[in-house]
>>> print(open('protein.txt').read())   # compact mmCIF, C-alpha atoms
# COMPACT_ATOMS: atom_id res chain seq x y z
CA MET A 1 -100.34 -76.67 31.81
CA LYS A 2 -100.07 -75.89 35.41
CA THR A 3 -96.69 -75.66 37.11
CA ASN A 4 -96.34 -76.78 40.64
CA ILE A 5 -93.96 -74.71 42.67
CA ARG A 6 -93.08 -76.10 45.96
CA HIS A 7 -93.97 -73.95 48.87
CA SER A 8 -90.33 -73.86 50.07
CA GLU A 9 -89.08 -72.43 46.71
CA ARG A 10 -91.31 -69.39 46.70
CA GLY A 11 -89.34 -66.11 46.47
CA PHE A 12 -86.08 -67.83 45.52
CA SER A 13 -85.94 -65.95 42.17
CA LEU A 14 -86.46 -62.68 44.01
CA LEU A 15 -83.57 -63.50 46.34
CA ILE A 16 -81.27 -64.33 43.40
CA GLY A 17 -82.36 -61.18 41.54
CA MET A 18 -81.73 -58.96 44.56
CA SER A 19 -78.31 -60.55 45.14
CA VAL A 20 -77.29 -59.91 41.52
CA LEU A 21 -78.58 -56.35 41.75
CA ILE A 22 -76.58 -55.68 44.94
CA LEU A 23 -73.46 -57.22 43.37
CA LEU A 24 -73.79 -55.03 40.26
CA THR A 25 -74.35 -51.93 42.42
CA VAL A 26 -71.20 -52.61 44.45
CA LEU A 27 -69.25 -53.25 41.25
CA GLY A 28 -70.56 -50.00 39.74
CA ILE A 29 -69.55 -48.02 42.82
CA ALA A 30 -66.04 -49.52 42.69
CA VAL A 31 -65.69 -48.56 39.01
CA VAL A 32 -66.83 -44.99 39.68
CA GLN A 33 -64.38 -44.65 42.58
CA GLY A 34 -61.57 -45.99 40.40
CA ILE A 35 -62.38 -43.45 37.68
CA ASN A 36 -62.50 -40.61 40.24
CA SER A 37 -59.13 -41.69 41.60
CA ASP A 38 -57.64 -41.70 38.08
CA VAL A 39 -59.02 -38.24 37.37
CA GLU A 40 -57.62 -36.90 40.66
CA SER A 41 -54.25 -38.49 39.96
CA ALA A 42 -54.15 -36.94 36.48
CA GLY A 43 -54.99 -33.54 37.99
CA ASN A 44 -52.21 -33.87 40.55
CA ASP A 45 -49.75 -34.85 37.83
CA ARG A 46 -50.81 -31.86 35.77
CA GLY A 47 -50.36 -29.58 38.79
CA SER A 48 -46.95 -31.05 39.50
CA GLN A 49 -45.82 -30.55 35.90
CA SER A 50 -47.18 -27.01 35.93
CA ALA A 51 -45.33 -26.24 39.19
CA LEU A 52 -42.12 -27.63 37.64
CA ALA A 53 -42.50 -25.34 34.61
CA ILE A 54 -43.11 -22.39 36.94
CA ALA A 55 -39.98 -23.21 38.98
CA GLU A 56 -37.94 -23.45 35.77
CA ALA A 57 -39.32 -20.08 34.64
CA GLY A 58 -38.19 -18.63 37.96
CA LEU A 59 -34.70 -20.05 37.44
CA THR A 60 -34.59 -18.58 33.93
CA TRP A 61 -35.64 -15.14 35.18
CA SER A 62 -33.13 -15.31 38.04
CA MET A 63 -30.29 -16.38 35.76
CA ASP A 64 -31.04 -13.41 33.51
CA PHE A 65 -31.24 -11.08 36.51
CA LEU A 66 -27.92 -12.31 37.93
CA LYS A 67 -26.31 -12.27 34.50
CA ASN A 68 -27.30 -8.63 33.95
CA THR A 69 -26.68 -7.46 37.54
CA TYR A 70 -23.50 -9.35 38.41
CA ALA A 71 -22.08 -10.12 34.94
CA LEU A 72 -22.72 -13.81 35.57
CA HIS A 73 -21.57 -14.69 32.04
CA GLN A 74 -18.05 -13.71 33.17
CA ALA A 75 -18.40 -15.27 36.61
CA THR A 76 -15.47 -15.80 38.92
CA ALA A 77 -15.31 -16.92 42.53
CA GLN A 78 -15.47 -13.24 43.49
CA THR A 79 -18.69 -12.82 41.48
CA PHE A 80 -20.29 -15.61 43.51
CA THR A 81 -18.98 -14.09 46.74
CA ASN A 82 -20.59 -10.77 45.74
CA ILE A 83 -23.90 -12.53 45.17
CA ALA A 84 -23.66 -14.53 48.40
CA THR A 85 -22.87 -11.45 50.45
CA ASN A 86 -25.53 -9.40 48.65
CA SER A 87 -22.98 -6.74 47.78
CA MET A 88 -25.51 -4.72 45.75
CA ASN A 89 -28.28 -4.95 48.38
CA ASN A 90 -30.77 -6.24 45.84
CA LEU A 91 -31.37 -9.68 47.38
CA THR A 92 -33.36 -10.57 50.48
CA ASN A 93 -32.04 -12.38 53.55
CA TYR A 94 -33.78 -15.50 54.85
CA SER A 95 -34.96 -13.72 57.99
CA ASP A 96 -36.77 -11.04 55.93
CA ALA A 97 -38.53 -13.40 53.51
CA THR A 98 -42.16 -14.49 53.59
CA ASN A 99 -43.04 -17.90 55.02
CA GLU A 100 -44.08 -19.13 51.58
CA ALA A 101 -40.69 -18.15 50.13
CA LYS A 102 -38.89 -19.82 53.05
CA THR A 103 -40.38 -23.22 52.19
CA ALA A 104 -37.85 -23.50 49.36
CA ILE A 105 -35.01 -23.35 51.89
CA ASP A 106 -36.68 -25.33 54.66
CA ALA A 107 -37.32 -28.34 52.39
CA ASP A 108 -34.76 -31.12 52.27
CA ILE A 109 -33.96 -32.04 48.69
CA SER A 110 -32.32 -35.33 49.57
CA ALA A 111 -30.91 -37.24 52.51
CA THR A 112 -27.37 -36.46 51.33
CA ASP A 113 -28.10 -32.77 50.84
CA VAL A 114 -25.26 -30.64 52.20
CA SER A 115 -27.11 -27.36 52.08
CA PRO A 116 -25.76 -24.02 53.16
CA ALA A 117 -27.12 -22.69 56.43
CA ARG A 118 -30.44 -20.86 56.16
CA ALA A 119 -28.76 -17.51 56.78
CA ASP A 120 -26.49 -18.03 53.77
CA TRP A 121 -29.35 -18.19 51.27
CA LYS A 122 -30.44 -14.98 49.54
CA CYS A 123 -33.83 -14.63 47.85
CA VAL A 124 -33.51 -13.30 44.31
CA THR A 125 -37.21 -12.80 43.68
CA HIS A 126 -38.45 -11.47 47.03
CA ALA A 127 -38.27 -7.78 46.11
CA ARG A 128 -40.42 -8.35 43.02
CA THR A 129 -44.17 -7.82 43.32
CA ASP A 130 -46.47 -10.82 43.31
CA ALA A 131 -47.55 -9.91 39.78
CA GLU A 132 -43.90 -10.05 38.64
CA LYS A 133 -43.35 -13.48 40.22
CA THR A 134 -46.24 -15.11 38.38
CA PHE A 135 -45.98 -17.49 35.49
CA GLY A 136 -48.56 -19.84 34.02
CA GLY A 137 -51.14 -19.04 36.67
CA GLY A 138 -48.73 -19.77 39.52
CA ARG A 139 -45.78 -18.07 41.21
CA TYR A 140 -42.16 -18.76 42.03
CA HIS A 141 -39.46 -17.97 44.59
CA VAL A 142 -35.76 -18.34 43.78
CA TRP A 143 -32.86 -18.44 46.24
CA VAL A 144 -29.08 -18.44 45.75
CA ALA A 145 -26.14 -19.42 47.94
CA LYS A 146 -22.55 -20.46 47.52
CA ASP A 147 -22.07 -24.22 47.53
CA PRO A 148 -20.36 -25.14 50.83
CA ALA A 149 -19.07 -28.37 49.25
CA ASP A 150 -16.95 -26.44 46.72
CA PRO A 151 -13.68 -25.29 48.33
CA THR A 152 -12.86 -23.08 45.32
CA GLY A 153 -15.99 -20.96 45.85
CA LYS A 154 -16.80 -21.18 42.15
CA THR A 155 -20.17 -22.92 42.49
CA LEU A 156 -23.45 -21.17 43.13
CA LEU A 157 -26.56 -23.10 44.15
CA MET A 158 -29.92 -21.88 42.90
CA ARG A 159 -33.11 -23.28 44.39
CA ALA A 160 -36.50 -22.47 42.87
CA LEU A 161 -39.92 -23.22 44.30
CA GLY A 162 -42.75 -23.29 41.76
CA ILE A 163 -46.36 -23.16 43.00
CA ASP A 164 -49.18 -23.67 40.51
CA ALA A 165 -52.65 -22.14 40.72
CA ARG A 166 -54.03 -25.21 42.57
CA GLY A 167 -51.25 -25.14 45.17
CA SER A 168 -49.07 -27.96 43.81
CA GLN A 169 -45.40 -27.33 44.55
CA ARG A 170 -42.14 -28.42 42.93
CA LEU A 171 -38.65 -27.61 44.11
CA VAL A 172 -35.72 -27.51 41.69
CA GLU A 173 -32.06 -26.98 42.57
CA ILE A 174 -29.27 -26.35 40.10
CA ALA A 175 -25.57 -25.63 40.48
CA VAL A 176 -23.91 -22.94 38.40
CA THR A 177 -20.13 -23.19 38.21
CA ALA A 178 -17.85 -20.34 37.12
CA GLY A 179 -16.14 -21.08 33.83
CA VAL A 180 -18.57 -23.86 32.92
CA GLY A 181 -21.44 -23.40 30.50
CA GLN A 182 -20.59 -19.85 29.53
CA ALA A 183 -23.59 -19.64 27.21
CA LEU A 184 -25.77 -18.26 30.02
>>> encode(input="protein.txt", output="structure tokens")
Amino acid sequence: MKTNIRHSERGFSLLIGMSVLILLTVLGIAVVQGINSDVESAGNDRGSQSALAIAEAGLTWSMDFLKNTYALHQATAQTFTNIATNSMNNLTNYSDATNEAKTAIDADISATDVSPARADWKCVTHARTDAEKTFGGGRYHVWVAKDPADPTGKTLLMRALGIDARGSQRLVEIAVTAGVGQAL
């Protein structure tokens, strides 16, 4: 049996086949890009969580340092004044800190942030070597200042910047109040 194909229909199957092939190729590229985006997003999330853990480790070290150096577990307003004025000369002024350490102070935490002036912040971790400031493959910088919003002078702000090995950064700020949470 002989099939008659009209002259005008020649190559139509090839055209349909090529169109389907191009469509599947474009679809495949879109799927691969979506997967790559998901993998990148997961990596960024992992870096962000790692940087948060590093910042929290810096806060823990700094709390221990201040507790042992300034008897923070028996803190009074005078204790916080001693820390803020660097009475033991073991903290670093903003002007003497590295640019990386300064990013913790230069960053705005929120639009309603009533931060102390840059000069009022003291770096707790600056005098430590880079090897001492590492945790989990990253590093941290911790700063302290009296809270200008507390008229009693019994609140100390601590701001920690955690930087993971890939460069992801997280900033954490806590307030420590004299007479509250004595289990430091």
>>> atom_distance(input="protein.txt", atom1="CA of Thr92 in chain A", atom2="CA of Thr155 in chain A")
19.8 Å
>>> atom_distance(input="protein.txt", atom1="CA of Leu161 in chain A", atom2="CA of Ala175 in chain A")
15.0 Å
>>> atom_distance(input="protein.txt", atom1="CA of Ile54 in chain A", atom2="CA of Phe135 in chain A")
5.9 Å
>>> residues_around(input="protein.txt", residues="range 37-50 of chain A", least_positions_apart="5", cutoff="12 Å", atoms="only C-alpha atoms", output="number ranges by chain")
A: 30-32, 55-57, 135-140, 161-172
>>> residues_around(input="protein.txt", residues="Thr177 in chain A", least_positions_apart="4", cutoff="12 Å", atoms="all atoms listed in the file", output="list in words")
Leu72, His73, Gln74, Ala75, Thr76, Ala77, Thr79, Phe80, Lys146, Asp147, Asp150, Thr152, Gly153, Lys154, Thr155, Leu156, Leu157, Met158, Gly181, Gln182 and Leu184 of chain A
>>> decode(input="protein.txt", residues="range 1-85 of chain A", atoms="C-alpha atoms", output="short mmCIF file (atom, residue, chain, number, x, y, z; two decimals), in the first residue's frame")
data_model
loop_
_atom_site.label_atom_id
_atom_site.label_comp_id
_atom_site.auth_asym_id
_atom_site.auth_seq_id
_atom_site.Cartn_x
_atom_site.Cartn_y
_atom_site.Cartn_z
CA MET A 1 0.00 0.00 0.00
CA LYS A 2 1.36 3.27 -1.04
CA THR A 3 0.66 6.40 0.97
CA ASN A 4 0.25 9.65 -0.79
CA ILE A 5 1.65 12.59 1.08
CA ARG A 6 0.76 15.89 -0.27
CA HIS A 7 3.64 17.99 -1.34
CA SER A 8 2.62 20.82 1.05
CA GLU A 9 2.73 18.50 4.12
CA ARG A 10 6.31 17.40 3.68
CA GLY A 11 8.49 18.16 6.74
CA PHE A 12 5.52 18.92 8.99
CA SER A 13 6.46 16.07 11.38
CA LEU A 14 9.99 17.42 11.56
CA LEU A 15 8.66 20.87 12.46
CA ILE A 16 6.42 19.43 15.22
CA GLY A 17 9.29 17.27 16.53
CA MET A 18 11.69 20.21 16.65
CA SER A 19 9.10 22.38 18.40
CA VAL A 20 8.54 19.73 21.07
CA LEU A 21 12.29 19.30 21.49
CA ILE A 22 12.81 23.05 21.95
CA LEU A 23 9.92 23.21 24.43
CA LEU A 24 11.37 20.34 26.49
CA THR A 25 14.83 21.95 26.42
CA VAL A 26 13.46 25.26 27.72
CA LEU A 27 11.49 23.42 30.39
CA GLY A 28 14.59 21.46 31.42
CA ILE A 29 16.65 24.64 31.71
CA ALA A 30 13.95 26.24 33.88
CA VAL A 31 13.92 23.20 36.20
CA VAL A 32 17.71 23.22 36.54
CA GLN A 33 17.71 26.96 37.33
CA GLY A 34 14.99 26.42 39.94
CA ILE A 35 17.02 23.66 41.59
CA ASN A 36 20.16 25.82 41.59
CA SER A 37 18.21 28.66 43.18
CA ASP A 38 16.91 26.32 45.90
CA VAL A 39 20.40 25.02 46.61
CA GLU A 40 21.77 28.57 46.84
CA SER A 41 18.93 29.61 49.13
CA ALA A 42 19.57 26.62 51.40
CA GLY A 43 23.27 27.53 51.53
CA ASN A 44 22.46 31.13 52.45
CA ASP A 45 20.08 29.95 55.17
CA ARG A 46 22.75 27.63 56.52
CA GLY A 47 25.28 30.49 56.53
CA SER A 48 22.82 32.78 58.27
CA GLN A 49 22.09 30.18 60.96
CA SER A 50 25.81 29.55 61.40
CA ALA A 51 26.49 33.29 61.75
CA LEU A 52 23.71 33.51 64.37
CA ALA A 53 25.29 30.68 66.38
CA ILE A 54 28.67 32.42 66.15
CA ALA A 55 27.18 35.73 67.36
CA GLU A 56 25.52 33.92 70.27
CA ALA A 57 28.85 32.26 71.13
CA GLY A 58 30.43 35.71 71.19
CA LEU A 59 27.73 36.95 73.56
CA THR A 60 28.28 33.95 75.82
CA TRP A 61 32.05 34.53 75.92
CA SER A 62 31.55 38.25 76.56
CA MET A 63 29.04 37.64 79.35
CA ASP A 64 31.54 35.31 81.03
CA PHE A 65 34.35 37.84 80.54
CA LEU A 66 32.29 40.69 82.01
CA LYS A 67 31.00 38.49 84.81
CA ASN A 68 34.54 37.52 85.83
CA THR A 69 36.12 40.96 85.24
CA TYR A 70 33.40 43.27 86.55
CA ALA A 71 31.45 40.93 88.87
CA LEU A 72 28.49 41.17 86.51
CA HIS A 73 26.53 38.66 88.58
CA GLN A 74 26.33 41.36 91.29
CA ALA A 75 25.77 44.18 88.82
CA THR A 76 24.68 47.64 89.89
CA ALA A 77 24.36 50.86 87.94
CA GLN A 78 27.95 51.63 88.97
CA THR A 79 29.11 48.30 87.50
CA PHE A 80 27.62 49.29 84.15
CA THR A 81 29.17 52.75 84.40
CA ASN A 82 32.57 51.09 85.01
CA ILE A 83 32.10 48.97 81.89
CA ALA A 84 30.88 51.91 79.79
CA THR A 85 33.79 54.09 80.84
#
